[in-house]
Amino acid sequence: MYNLKELALMDENGKRSDGRGMDELRSIKITVGVVKNADGSAYIEFGKNKIIVAVYGPREVHPKHMALPDRCVLRCRYHMSPFSTDTRKNPAPSRREVEISKVMRESLEPSLILSDYPRAVIDVFVEVLQADGGSRCAGINAASVALADAGINMRDLVSACAAGRLSDNIVLDINDLEDKEGDADMPVAYLPNLEQVTLLQLDGKLTTAQFSECLEKAISGCKSVYEIQKEALMKKYFGNEMELKEEA
Amino acid sequence: MYNLKELALMDENGKRSDGRGMDELRSIKITVGVVKNADGSAYIEFGKNKIIVAVYGPREVHPKHMALPDRCVLRCRYHMSPFSTDTRKNPAPSRREVEISKVMRESLEPSLILSDYPRAVIDVFVEVLQADGGSRCAGINAASVALADAGINMRDLVSACAAGRLSDNIVLDINDLEDKEGDADMPVAYLPNLEQVTLLQLDGKLTTAQFSECLEKAISGCKSVYEIQKEALMKKYFGNEMELKEEA
Amino acid sequence: MYNLKELALMDENGKRSDGRGMDELRSIKITVGVVKNADGSAYIEFGKNKIIVAVYGPREVHPKHMALPDRCVLRCRYHMSPFSTDTRKNPAPSRREVEISKVMRESLEPSLILSDYPRAVIDVFVEVLQADGGSRCAGINAASVALADAGINMRDLVSACAAGRLSDNIVLDINDLEDKEGDADMPVAYLPNLEQVTLLQLDGKLTTAQFSECLEKAISGCKSVYEIQKEALMKKYFGNEMELKEEA
Amino acid sequence: MSSSKRSTVIVEQLRKQQMLEALSREKRLDGRDFESYRNFEIEVGIIDKASGSAKVKLGNTEVIAGVKVETGEPFEGLENKGALIMSAEVLPTASPHVEPGPPDEDAIELSRVVDRGIRESEMLDLDKLVLIPGKIVYTVFVDCSIINSDGNLLDATSYAVVAALLTSKFPIYEIKDEQVVDTGKTMPPPITTMPISITAVRIGESVLLDPTTEEEACMDARITMTTQSDGNIVAVQKGFTGPFFFNQIVQFSEIARIKGEEMRSKIKELN
Amino acid sequence: MSSSKRSTVIVEQLRKQQMLEALSREKRLDGRDFESYRNFEIEVGIIDKASGSAKVKLGNTEVIAGVKVETGEPFEGLENKGALIMSAEVLPTASPHVEPGPPDEDAIELSRVVDRGIRESEMLDLDKLVLIPGKIVYTVFVDCSIINSDGNLLDATSYAVVAALLTSKFPIYEIKDEQVVDTGKTMPPPITTMPISITAVRIGESVLLDPTTEEEACMDARITMTTQSDGNIVAVQKGFTGPFFFNQIVQFSEIARIKGEEMRSKIKELN
Amino acid sequence: MSSSKRSTVIVEQLRKQQMLEALSREKRLDGRDFESYRNFEIEVGIIDKASGSAKVKLGNTEVIAGVKVETGEPFEGLENKGALIMSAEVLPTASPHVEPGPPDEDAIELSRVVDRGIRESEMLDLDKLVLIPGKIVYTVFVDCSIINSDGNLLDATSYAVVAALLTSKFPIYEIKDEQVVDTGKTMPPPITTMPISITAVRIGESVLLDPTTEEEACMDARITMTTQSDGNIVAVQKGFTGPFFFNQIVQFSEIARIKGEEMRSKIKELN
């Protein structure tokens, strides 16, 4: 599809194909509380990613034998709408979607105090309406905000962002084109206050030095995302007060 | 397959491709009690449709949590045999079969006094051995007779028949060719004594005037079918007496 | 694939394509206790067949309503690895695998005293790593040894072997090529001490006289296999003693 | 479990009684009169990667439709027509009662009824979507995702599909040396009419348009009628387990035509 | 549940004891002797849309077989033969114990054993059903629906398939410009022989032909043997969990040949 | 059931406490130190019908990988590369807890992580496996069967795949008259590097390589890192529900490189 030779993933001034600098995030917009029926929800636009997340729970588990006596079960479904990709996606869950559902769940779980809800289940439904590079990170960001919106007891938010390599440069927040044509893509999720990594994957080639640089950069990206997540939650829960203050 | 231009769906004398007049039903034959193991059963030939229906129940529900405390669950499966169609049909249920199963169940339910059998289930299995136009109507007719044969408490029989449009004419009981090449097909199911419509679908184009004419005609067809259904039940249950009377 | 005309399934000296005589078994090697986690297990090489069998049980049945109050449930799964066949096999179970799982289970069941384990289940998992002609017989041989290794109470071992026809000759132990190009293949399983047949299938053409000759030959093959099965079990359970005796 | 189910039955009966009382005073629980639709918003072009897309909010019901255009073989028996393939999924986001998984009979009925309106009205002129007759045609996928469910999914989905198709830009494909080539250019789709579905439920003797989930929970029967721009009826589907009288249906057909025209104008405006 | 299951076990044991007592007096519960088949009816050509069809009633067991002939690619490794594809579904109409859904292991075994009889006897000369060697061949679907089940589905299905094939009219296809053309004409299928299966069950020491459901519920083991017109055996399948002695099998092989010849004549007559 | 589950919870907690105590004394239950792998055996060429195969035993974990080479169409978007398709099944033989059936999320993650190591390292030069660009390419299936499971399936599977590919003989296909012809000859596969995965788990503060099932039952988090022959990292996967600190990850990346080099030499030797 793309002719590598004709592409400048990065120009002589360090500008990337979409005009960003090396350490620049794509534009991010998070809205909280977008799905009326859900216990918590969020919508994120992260570059061209458009993702909606709904949280149901804590609620009764069916079938009952799946319940755990000492803590809550967390379930997560990452799913792409058929119209979300360049060529139409078959709506049946792919192996990729199964894996991403798993790592998303595992990246969210350390942030939740599941022992507060024994015998219950929390369901996180992540629907990718439009997919760009980094949809799993975008989905985690929205999911963590939606879990907060659902009032689940949490240790921290989870903030996610990828970093990667384009030739010799380690850059922040890989987009679709950079994912396909670049040299490495490393999605990371992070608990900003507990300073812990809850998602880490890598496709591509890195020296060990590049690896730690890349991880560091991804974490710095997570910290930036964290601010946007907090803002989105503030806006929903203290929106009126903030406006009042601004007026005052 | 067909060349519309060369086809006369209706000739200058108002005769249709199969020789029928505008208000004429195809030939209908119903036999009651054809499946030995079933609690009730019926076989119908309706034009070229050949359909067998078996009813099992009221019986215990499995799994038990599907039972309803105040009434009986009604289940219906409409299924086409692989040899029932012009090209071989894959035996796995198609989306069309799922939809027809649903509307058939909904068309039968108002005729049954389901509150008489709380916590139980009634299963209606409709097997289309040969399909012609109007197989869902034919199936409903046989199913209602099979439910009566099973001794289920009923408010009324359900009688079904389609009407449709061929150019400017509203005609009764659309056959396969007319379904494919005609301008509208409207299957209807009716409770003849309660005077209520329990199935109504439409594919095709009708003015609102044509719509009510078509519905009226379909209902008149249902009433004719009702007589044949009653006869079939009489023949099974009072067959000997009738014959005795005839002899007498 | 093969050109029948150029093949000599049997030469003028009664030697078969793989050099065997008419009543000769392929080489057979059985090792007991090869799967660490299993309650019993065996590995068999039977010609080019390479099959591993693991037995789990008697153990609790899930779901519980499948348990039988008076005896143990026996389950069997015959499965071919994707790399076991000439062209790659789709890992989803084929209709052939379903049938073979059934006849294997039925061939093993008469050897087991299932009434000794009411409400329990025994699972026999047969994995064909490489398939040659006669994989079901080879699988049964390994499975019976694995069941003995699991300490299940048994009336007898089950020994299995096929016989078949190549033109006018009834021969023992049909291989892959002979299965495809020969005239009949008859897999048989046998309880050597109880002298009962527990598996019998036939593909191909036989006169009634050839049929009983073929069955007789297969049974004689089963008896030879039985010796190898016993030896394999002896080796595991009395291996040290045997070696001690040899040394003494 | 049995006792909790029995209490559910009682709750249901109470709810229905309450609903019937309100309706007997010609009032719906949300204050609408019987023939009013809820607030209604359409946003189009929301999915850049789709050839067309629309998000519809009908009260709290929210649906997204996306159109993808590819090429493929025609359907058997329809060798000289483009292929139109419609699907709908009620996402598990949509309500606490949806299980993820393949579409159930309600979702299948939903997509088939919406499909019928588009197909029978010939909204999309499929004769114009053929590349090599009998061999290669345009394949138009219309996929719908129900994001939040508060009743009348059928109309909301139908409007989303109509809006997405109306505002689509189809890629222009050409045949070069018997191979399909994407020219990179686009064209408006060959639209001939605008089918609009109107749905009502009967609760006791009352017939209400655009039911909410609460109303659907009390309904005896449902009916959907789709009209095209010239007012002709192109698709009807009675749903649920209760019956209708002949007169109720005929009266509704008149309402569906008039209300359909009203909604058609609104959707045209919004685009 | 456990107590009801235990009582089921007792009921089963009583039933089997009763059956064994009856059999010890050489009597079957329906009065037949051990080697008799039940009443037997065949009706052919009942499905006009099929190339061939037959309905078989064997006592209360009732099966329909339909033959459809299309064209397609040959199977791998069988490039110069027509393709024969057989399926059987035990319809949920057939007994209170059948769940609708994909075929279970019993239905799969059923269709595979029937298939084996047809295929190994070479009843249908597949070499004559090739259009372009290695590329396009006749595809013959034989699908069976069990309508009512009262034991011995295997023989009933097998007879239905044989009768449906025997009385089929295959469409004549031709190749024009590398395309398949249906000439609209038909031909009789290339039949070479008539495979007939005979099934017995062993209950204790007794071996009974053509078992009913009641007898199958008490059986220790089952055996099916298929012979072709010249009396040669072409397929055997032992079923169920009990064993047979060598002598029982050899004796049965003689019975299967003789009885098979008898049934073959009957089926020929009926057609 | 609830009480038995609660007791399970207590047993689990006790087991974890015991494990933590042992680890605090720098001891693993099987006596290894934290950075040691278990005993390790590879046997190659065990499946004659495969183009390549290997059995790996890592402690009591046992895995077989088989390579099959066929021809087919390339993947979309990768028209000028051979197709590599990897699968893994944890056989029900492997432990009392495995249900037969389609791969669950653990098995899918397993095969995808192993696949990633092979693919991202470009171990197999897929550019050299094209027959007609855009149309026909080599299709390389690598299927893995886990026979016995005692922890660290990921590394065992990864080593089996690497060993099977390294020792494969690929059939040489040619194109004659636009048809694929198998020449009957073979060639070594186009290998460029040797990716080796190293897996650790964190239990409390301790990070252990090559965990057993017992250790995995106590783990807080898992991490797998794959390096290629030049020491570069090509794939990473954090697994399970616990987090890692930045420093733990960076330290592990150093260990994975060194240990990877060690394992790479061992596998080379064994072949």
# chains A, B, ... in the order shown; residues from 1 in each chain; ligands from 1
>>> calpha_fit_and_write(fixed="chain C", moving="chain A", output="mmCIF file with C-alpha atoms, in the first residue's frame")
data_model
loop_
_atom_site.group_PDB
_atom_site.id
_atom_site.type_symbol
_atom_site.label_atom_id
_atom_site.label_comp_id
_atom_site.auth_asym_id
_atom_site.auth_seq_id
_atom_site.Cartn_x
_atom_site.Cartn_y
_atom_site.Cartn_z
ATOM 1 C CA MET A 1 -1.069 -38.834 -6.042
ATOM 2 C CA TYR A 2 -0.145 -42.475 -6.532
ATOM 3 C CA ASN A 3 -0.215 -44.301 -9.805
ATOM 4 C CA LEU A 4 -1.788 -47.640 -9.008
ATOM 5 C CA LYS A 5 -0.286 -49.310 -12.044
ATOM 6 C CA GLU A 6 3.248 -48.568 -11.022
ATOM 7 C CA LEU A 7 2.784 -49.754 -7.491
ATOM 8 C CA ALA A 8 3.415 -53.252 -6.349
ATOM 9 C CA LEU A 9 1.387 -53.558 -3.171
ATOM 10 C CA MET A 10 2.736 -57.080 -3.061
ATOM 11 C CA ASP A 11 5.570 -58.581 -5.088
ATOM 12 C CA GLU A 12 5.840 -62.097 -6.483
ATOM 13 C CA ASN A 13 7.451 -63.317 -3.233
ATOM 14 C CA GLY A 14 4.561 -62.152 -1.059
ATOM 15 C CA LYS A 15 6.531 -59.168 0.197
ATOM 16 C CA ARG A 16 4.532 -55.999 0.738
ATOM 17 C CA SER A 17 5.513 -52.487 -0.290
ATOM 18 C CA ASP A 18 7.277 -51.934 3.041
ATOM 19 C CA GLY A 19 9.014 -55.306 2.927
ATOM 20 C CA ARG A 20 6.720 -57.078 5.358
ATOM 21 C CA GLY A 21 5.244 -60.537 4.871
ATOM 22 C CA MET A 22 1.496 -61.071 4.828
ATOM 23 C CA ASP A 23 1.189 -61.839 8.535
ATOM 24 C CA GLU A 24 3.787 -59.423 9.787
ATOM 25 C CA LEU A 25 3.056 -56.483 12.067
ATOM 26 C CA ARG A 26 4.808 -53.167 11.606
ATOM 27 C CA SER A 27 7.322 -52.360 14.319
ATOM 28 C CA ILE A 28 5.619 -51.393 17.585
ATOM 29 C CA LYS A 29 7.114 -49.550 20.533
ATOM 30 C CA ILE A 30 5.148 -48.624 23.640
ATOM 31 C CA THR A 31 6.420 -46.495 26.509
ATOM 32 C CA VAL A 32 4.364 -46.129 29.682
ATOM 33 C CA GLY A 33 4.137 -43.060 31.876
ATOM 34 C CA VAL A 34 5.309 -40.366 29.472
ATOM 35 C CA VAL A 35 3.038 -37.479 30.509
ATOM 36 C CA LYS A 36 4.063 -36.217 33.944
ATOM 37 C CA ASN A 37 0.796 -34.550 34.947
ATOM 38 C CA ALA A 38 -1.515 -37.341 33.827
ATOM 39 C CA ASP A 39 -2.851 -40.088 36.076
ATOM 40 C CA GLY A 40 -1.789 -42.553 33.429
ATOM 41 C CA SER A 41 -0.170 -42.228 30.033
ATOM 42 C CA ALA A 42 1.505 -44.041 27.192
ATOM 43 C CA TYR A 43 3.306 -43.296 23.965
ATOM 44 C CA ILE A 44 3.127 -45.645 21.014
ATOM 45 C CA GLU A 45 4.989 -45.872 17.769
ATOM 46 C CA PHE A 46 3.123 -48.232 15.478
ATOM 47 C CA GLY A 47 4.691 -48.151 12.047
ATOM 48 C CA LYS A 48 4.883 -44.424 11.397
ATOM 49 C CA ASN A 49 2.044 -43.663 13.793
ATOM 50 C CA LYS A 50 3.238 -41.630 16.754
ATOM 51 C CA ILE A 51 0.553 -41.248 19.359
ATOM 52 C CA ILE A 52 0.487 -40.008 22.908
ATOM 53 C CA VAL A 53 -2.344 -40.875 25.293
ATOM 54 C CA ALA A 54 -3.054 -39.296 28.666
ATOM 55 C CA VAL A 55 -5.683 -40.493 31.121
ATOM 56 C CA TYR A 56 -7.167 -38.262 33.800
ATOM 57 C CA GLY A 57 -9.436 -39.778 36.400
ATOM 58 C CA PRO A 58 -11.449 -41.195 37.950
ATOM 59 C CA ARG A 59 -12.289 -37.624 38.949
ATOM 60 C CA GLU A 60 -15.277 -35.398 39.682
ATOM 61 C CA VAL A 61 -17.605 -34.727 36.741
ATOM 62 C CA HIS A 62 -18.274 -31.148 35.591
ATOM 63 C CA PRO A 63 -21.023 -30.205 35.063
ATOM 64 C CA LYS A 64 -22.294 -32.355 37.921
ATOM 65 C CA HIS A 65 -25.580 -33.325 36.277
ATOM 66 C CA MET A 66 -23.594 -35.480 33.846
ATOM 67 C CA ALA A 67 -22.600 -37.852 36.650
ATOM 68 C CA LEU A 68 -24.173 -41.329 36.746
ATOM 69 C CA PRO A 69 -25.257 -42.758 40.090
ATOM 70 C CA ASP A 70 -24.234 -46.332 39.341
ATOM 71 C CA ARG A 71 -21.038 -46.037 37.347
ATOM 72 C CA CYS A 72 -18.286 -43.912 35.942
ATOM 73 C CA VAL A 73 -18.608 -41.895 32.748
ATOM 74 C CA LEU A 74 -15.908 -42.652 30.179
ATOM 75 C CA ARG A 75 -14.972 -39.894 27.748
ATOM 76 C CA CYS A 76 -12.543 -40.163 24.867
ATOM 77 C CA ARG A 77 -11.065 -37.584 22.518
ATOM 78 C CA TYR A 78 -9.129 -38.680 19.446
ATOM 79 C CA HIS A 79 -7.371 -35.680 17.952
ATOM 80 C CA MET A 80 -4.822 -35.182 15.195
ATOM 81 C CA SER A 81 -2.117 -32.553 15.527
ATOM 82 C CA PRO A 82 -2.059 -30.124 12.583
ATOM 83 C CA PHE A 83 1.377 -31.441 11.573
ATOM 84 C CA SER A 84 0.425 -35.123 11.788
ATOM 85 C CA THR A 85 -0.762 -35.552 8.209
ATOM 86 C CA ASP A 86 0.652 -35.066 4.717
ATOM 87 C CA THR A 87 -1.186 -31.793 4.151
ATOM 88 C CA ARG A 88 -1.697 -29.652 7.228
ATOM 89 C CA LYS A 89 -4.791 -30.626 9.189
ATOM 90 C CA ASN A 90 -7.152 -27.953 10.426
ATOM 91 C CA PRO A 91 -7.030 -28.194 14.220
ATOM 92 C CA ALA A 92 -10.844 -28.093 14.605
ATOM 93 C CA PRO A 93 -12.261 -31.605 15.143
ATOM 94 C CA SER A 94 -13.434 -33.203 11.892
ATOM 95 C CA ARG A 95 -16.408 -35.543 11.544
ATOM 96 C CA ARG A 96 -13.914 -38.374 11.165
ATOM 97 C CA GLU A 97 -12.299 -37.506 14.493
ATOM 98 C CA VAL A 98 -15.722 -37.395 16.163
ATOM 99 C CA GLU A 99 -16.574 -40.872 14.890
ATOM 100 C CA ILE A 100 -13.211 -42.320 15.861
ATOM 101 C CA SER A 101 -13.477 -40.810 19.349
ATOM 102 C CA LYS A 102 -16.800 -42.605 19.703
ATOM 103 C CA VAL A 103 -15.676 -46.042 18.511
ATOM 104 C CA MET A 104 -12.486 -45.799 20.550
ATOM 105 C CA ARG A 105 -14.487 -45.066 23.679
ATOM 106 C CA GLU A 106 -16.814 -47.971 22.931
ATOM 107 C CA SER A 107 -13.897 -50.277 22.297
ATOM 108 C CA LEU A 108 -12.289 -49.413 25.638
ATOM 109 C CA GLU A 109 -15.385 -49.408 27.820
ATOM 110 C CA PRO A 110 -15.915 -53.225 28.013
ATOM 111 C CA SER A 111 -12.440 -53.578 29.515
ATOM 112 C CA LEU A 112 -13.130 -51.243 32.438
ATOM 113 C CA ILE A 113 -15.022 -51.906 35.661
ATOM 114 C CA LEU A 114 -16.823 -48.591 35.606
ATOM 115 C CA SER A 115 -19.227 -49.549 38.389
ATOM 116 C CA ASP A 116 -16.272 -49.252 40.764
ATOM 117 C CA TYR A 117 -16.297 -45.453 40.347
ATOM 118 C CA PRO A 118 -19.885 -44.214 40.532
ATOM 119 C CA ARG A 119 -20.452 -40.473 39.938
ATOM 120 C CA ALA A 120 -16.938 -40.015 38.525
ATOM 121 C CA VAL A 121 -15.479 -39.510 35.045
ATOM 122 C CA ILE A 122 -12.433 -40.911 33.292
ATOM 123 C CA ASP A 123 -11.015 -38.884 30.413
ATOM 124 C CA VAL A 124 -8.875 -40.474 27.725
ATOM 125 C CA PHE A 125 -7.058 -37.970 25.502
ATOM 126 C CA VAL A 126 -5.503 -39.454 22.376
ATOM 127 C CA GLU A 127 -3.220 -37.120 20.439
ATOM 128 C CA VAL A 128 -1.958 -38.303 17.068
ATOM 129 C CA LEU A 129 1.387 -36.600 16.512
ATOM 130 C CA GLN A 130 1.981 -38.452 13.263
ATOM 131 C CA ALA A 131 -0.636 -40.450 11.427
ATOM 132 C CA ASP A 132 -0.110 -43.578 9.407
ATOM 133 C CA GLY A 133 -2.667 -46.230 8.458
ATOM 134 C CA GLY A 134 -4.243 -47.772 11.557
ATOM 135 C CA SER A 135 -4.044 -44.792 13.890
ATOM 136 C CA ARG A 136 -7.265 -45.765 15.663
ATOM 137 C CA CYS A 137 -5.881 -49.228 16.500
ATOM 138 C CA ALA A 138 -2.579 -47.759 17.611
ATOM 139 C CA GLY A 139 -4.474 -45.230 19.726
ATOM 140 C CA ILE A 140 -6.557 -47.943 21.398
ATOM 141 C CA ASN A 141 -3.443 -49.923 22.233
ATOM 142 C CA ALA A 142 -1.819 -46.928 23.880
ATOM 143 C CA ALA A 143 -5.043 -45.903 25.592
ATOM 144 C CA SER A 144 -5.566 -49.308 27.192
ATOM 145 C CA VAL A 145 -2.019 -49.277 28.532
ATOM 146 C CA ALA A 146 -2.501 -45.717 29.799
ATOM 147 C CA LEU A 147 -5.699 -46.759 31.583
ATOM 148 C CA ALA A 148 -3.796 -49.582 33.241
ATOM 149 C CA ASP A 149 -1.061 -47.103 34.152
ATOM 150 C CA ALA A 150 -3.719 -44.914 35.770
ATOM 151 C CA GLY A 151 -4.645 -47.841 37.986
ATOM 152 C CA ILE A 152 -8.213 -48.128 36.728
ATOM 153 C CA ASN A 153 -9.822 -51.452 37.589
ATOM 154 C CA MET A 154 -9.882 -53.532 34.409
ATOM 155 C CA ARG A 155 -11.242 -56.871 33.255
ATOM 156 C CA ASP A 156 -8.642 -57.176 30.515
ATOM 157 C CA LEU A 157 -6.424 -55.081 28.316
ATOM 158 C CA VAL A 158 -7.743 -54.016 24.901
ATOM 159 C CA SER A 159 -5.487 -54.897 21.985
ATOM 160 C CA ALA A 160 -6.179 -53.631 18.501
ATOM 161 C CA CYS A 161 -4.941 -54.405 15.043
ATOM 162 C CA ALA A 162 -6.298 -54.212 11.519
ATOM 163 C CA ALA A 163 -6.295 -56.797 8.792
ATOM 164 C CA GLY A 164 -7.254 -56.234 5.194
ATOM 165 C CA ARG A 165 -7.224 -57.406 1.625
ATOM 166 C CA LEU A 166 -4.711 -56.743 -1.136
ATOM 167 C CA SER A 167 -6.160 -58.405 -4.253
ATOM 168 C CA ASP A 168 -6.534 -62.049 -3.256
ATOM 169 C CA ASN A 169 -4.491 -61.888 -0.094
ATOM 170 C CA ILE A 170 -5.724 -61.266 3.388
ATOM 171 C CA VAL A 171 -2.896 -59.480 5.146
ATOM 172 C CA LEU A 172 -2.214 -58.258 8.661
ATOM 173 C CA ASP A 173 -1.859 -54.638 9.762
ATOM 174 C CA ILE A 174 -2.649 -52.380 6.833
ATOM 175 C CA ASN A 175 -0.346 -49.366 6.407
ATOM 176 C CA ASP A 176 -1.229 -45.962 4.925
ATOM 177 C CA LEU A 177 -0.533 -46.884 1.313
ATOM 178 C CA GLU A 178 -2.375 -50.189 1.611
ATOM 179 C CA ASP A 179 -5.308 -48.392 3.207
ATOM 180 C CA LYS A 180 -5.558 -46.021 0.238
ATOM 181 C CA GLU A 181 -4.789 -48.439 -2.557
ATOM 182 C CA GLY A 182 -5.825 -51.782 -1.123
ATOM 183 C CA ASP A 183 -9.198 -53.473 -1.323
ATOM 184 C CA ALA A 184 -10.367 -53.677 2.281
ATOM 185 C CA ASP A 185 -9.334 -52.448 5.720
ATOM 186 C CA MET A 186 -10.801 -53.915 8.897
ATOM 187 C CA PRO A 187 -9.714 -52.469 12.241
ATOM 188 C CA VAL A 188 -10.452 -54.733 15.184
ATOM 189 C CA ALA A 189 -10.056 -54.396 18.947
ATOM 190 C CA TYR A 190 -10.071 -57.439 21.162
ATOM 191 C CA LEU A 191 -10.058 -58.459 24.812
ATOM 192 C CA PRO A 192 -7.393 -61.192 24.624
ATOM 193 C CA ASN A 193 -8.358 -63.025 27.788
ATOM 194 C CA LEU A 194 -12.115 -62.627 27.518
ATOM 195 C CA GLU A 195 -11.893 -63.386 23.782
ATOM 196 C CA GLN A 196 -14.320 -60.649 22.834
ATOM 197 C CA VAL A 197 -14.329 -58.151 19.968
ATOM 198 C CA THR A 198 -14.875 -54.544 21.093
ATOM 199 C CA LEU A 199 -14.108 -52.693 17.853
ATOM 200 C CA LEU A 200 -15.029 -53.839 14.382
ATOM 201 C CA GLN A 201 -15.206 -51.707 11.300
ATOM 202 C CA LEU A 202 -14.778 -52.429 7.637
ATOM 203 C CA ASP A 203 -14.156 -50.325 4.574
ATOM 204 C CA GLY A 204 -13.826 -52.248 1.359
ATOM 205 C CA LYS A 205 -15.016 -55.428 -0.248
ATOM 206 C CA LEU A 206 -14.864 -58.939 1.190
ATOM 207 C CA THR A 207 -16.701 -62.182 0.544
ATOM 208 C CA THR A 208 -18.156 -63.707 3.697
ATOM 209 C CA ALA A 209 -15.322 -66.266 3.634
ATOM 210 C CA GLN A 210 -12.731 -63.519 3.344
ATOM 211 C CA PHE A 211 -14.547 -61.650 6.071
ATOM 212 C CA SER A 212 -14.068 -64.370 8.668
ATOM 213 C CA GLU A 213 -10.500 -65.015 7.527
ATOM 214 C CA CYS A 214 -9.790 -61.315 7.861
ATOM 215 C CA LEU A 215 -11.385 -61.116 11.296
ATOM 216 C CA GLU A 216 -9.422 -64.136 12.437
ATOM 217 C CA LYS A 217 -6.186 -62.650 11.201
ATOM 218 C CA ALA A 218 -6.893 -59.335 12.872
ATOM 219 C CA ILE A 219 -7.543 -61.127 16.151
ATOM 220 C CA SER A 220 -4.257 -62.992 15.865
ATOM 221 C CA GLY A 221 -2.621 -59.596 15.357
ATOM 222 C CA CYS A 222 -4.340 -58.291 18.482
ATOM 223 C CA LYS A 223 -2.868 -61.191 20.430
ATOM 224 C CA SER A 224 0.626 -60.289 19.265
ATOM 225 C CA VAL A 225 0.053 -56.677 20.210
ATOM 226 C CA TYR A 226 -1.117 -57.813 23.634
ATOM 227 C CA GLU A 227 2.313 -59.246 24.392
ATOM 228 C CA ILE A 228 3.949 -55.925 23.558
ATOM 229 C CA GLN A 229 1.472 -54.066 25.751
ATOM 230 C CA LYS A 230 2.155 -56.376 28.694
ATOM 231 C CA GLU A 231 5.888 -55.991 28.219
ATOM 232 C CA ALA A 232 5.600 -52.210 28.235
ATOM 233 C CA LEU A 233 3.659 -52.292 31.484
ATOM 234 C CA MET A 234 6.059 -54.805 33.018
ATOM 235 C CA LYS A 235 8.964 -52.618 32.073
ATOM 236 C CA LYS A 236 7.521 -49.651 33.899
ATOM 237 C CA TYR A 237 6.291 -51.452 36.971
ATOM 238 C CA PHE A 238 8.825 -54.208 37.352
ATOM 239 C CA GLY A 239 11.628 -52.706 35.288
ATOM 240 C CA ASN A 240 14.117 -52.701 38.135
ATOM 241 C CA GLU A 241 13.280 -56.200 39.272
ATOM 242 C CA MET A 242 13.606 -57.511 35.749
ATOM 243 C CA GLU A 243 16.979 -55.885 35.413
ATOM 244 C CA LEU A 244 18.013 -57.325 38.760
ATOM 245 C CA LYS A 245 16.982 -60.794 37.639
ATOM 246 C CA GLU A 246 18.856 -60.389 34.395
ATOM 247 C CA GLU A 247 21.913 -59.371 36.321
ATOM 248 C CA ALA A 248 21.534 -62.297 38.712
#
>>> residues_around(residues="range 161-176 of chain D", least_positions_apart="6", cutoff="6 Å", atoms="only C-alpha atoms", output="count of residues only")
12
>>> select_by_dssp(residues="range 10-209 of chain D", states="alpha helix (DSSP H)", output="number ranges by chain")
D: 10-24, 105-120, 153-166
>>> select_by_dssp(residues="range 39-122 of chain E", states="strand (DSSP E)", output="ChimeraX atom specification")
/E:40-44,52-58,61-72,83-90
>>> residues_around(residues="range 112-126 of chain D", least_positions_apart="5", cutoff="6 Å", atoms="only C-alpha atoms", output="list of chain:residue names")
B:Gly204, D:Lys81, D:Gly82, D:Ser158, D:Pro190, D:Ile191, D:Thr192, D:Thr193, D:Thr226, D:Val234, D:Ala235
>>> residues_around(residues="range 22-27 of chain F", least_positions_apart="6", cutoff="12 Å", atoms="only C-alpha atoms", output="MDAnalysis selection string")
chainID F and resid 15:16 33:36 202:208 215 218:219
>>> closest_residue(among="D:Pro133, D:Pro195, D:Pro103, D:Gly77", to="chain B", atoms="only C-alpha atoms")
D:Gly77
>>> interface_residues(of="chain E", to="chain C", cutoff="8 Å", atoms="only C-alpha atoms", output="ChimeraX atom specification")
/E:2,5-6,9,77,105,108-109,116,120-121,231-246,250,253-254
>>> atom_distance(atom1="CA of Phe75 in chain E", atom2="CA of Ile85 in chain F")
23.8 Å
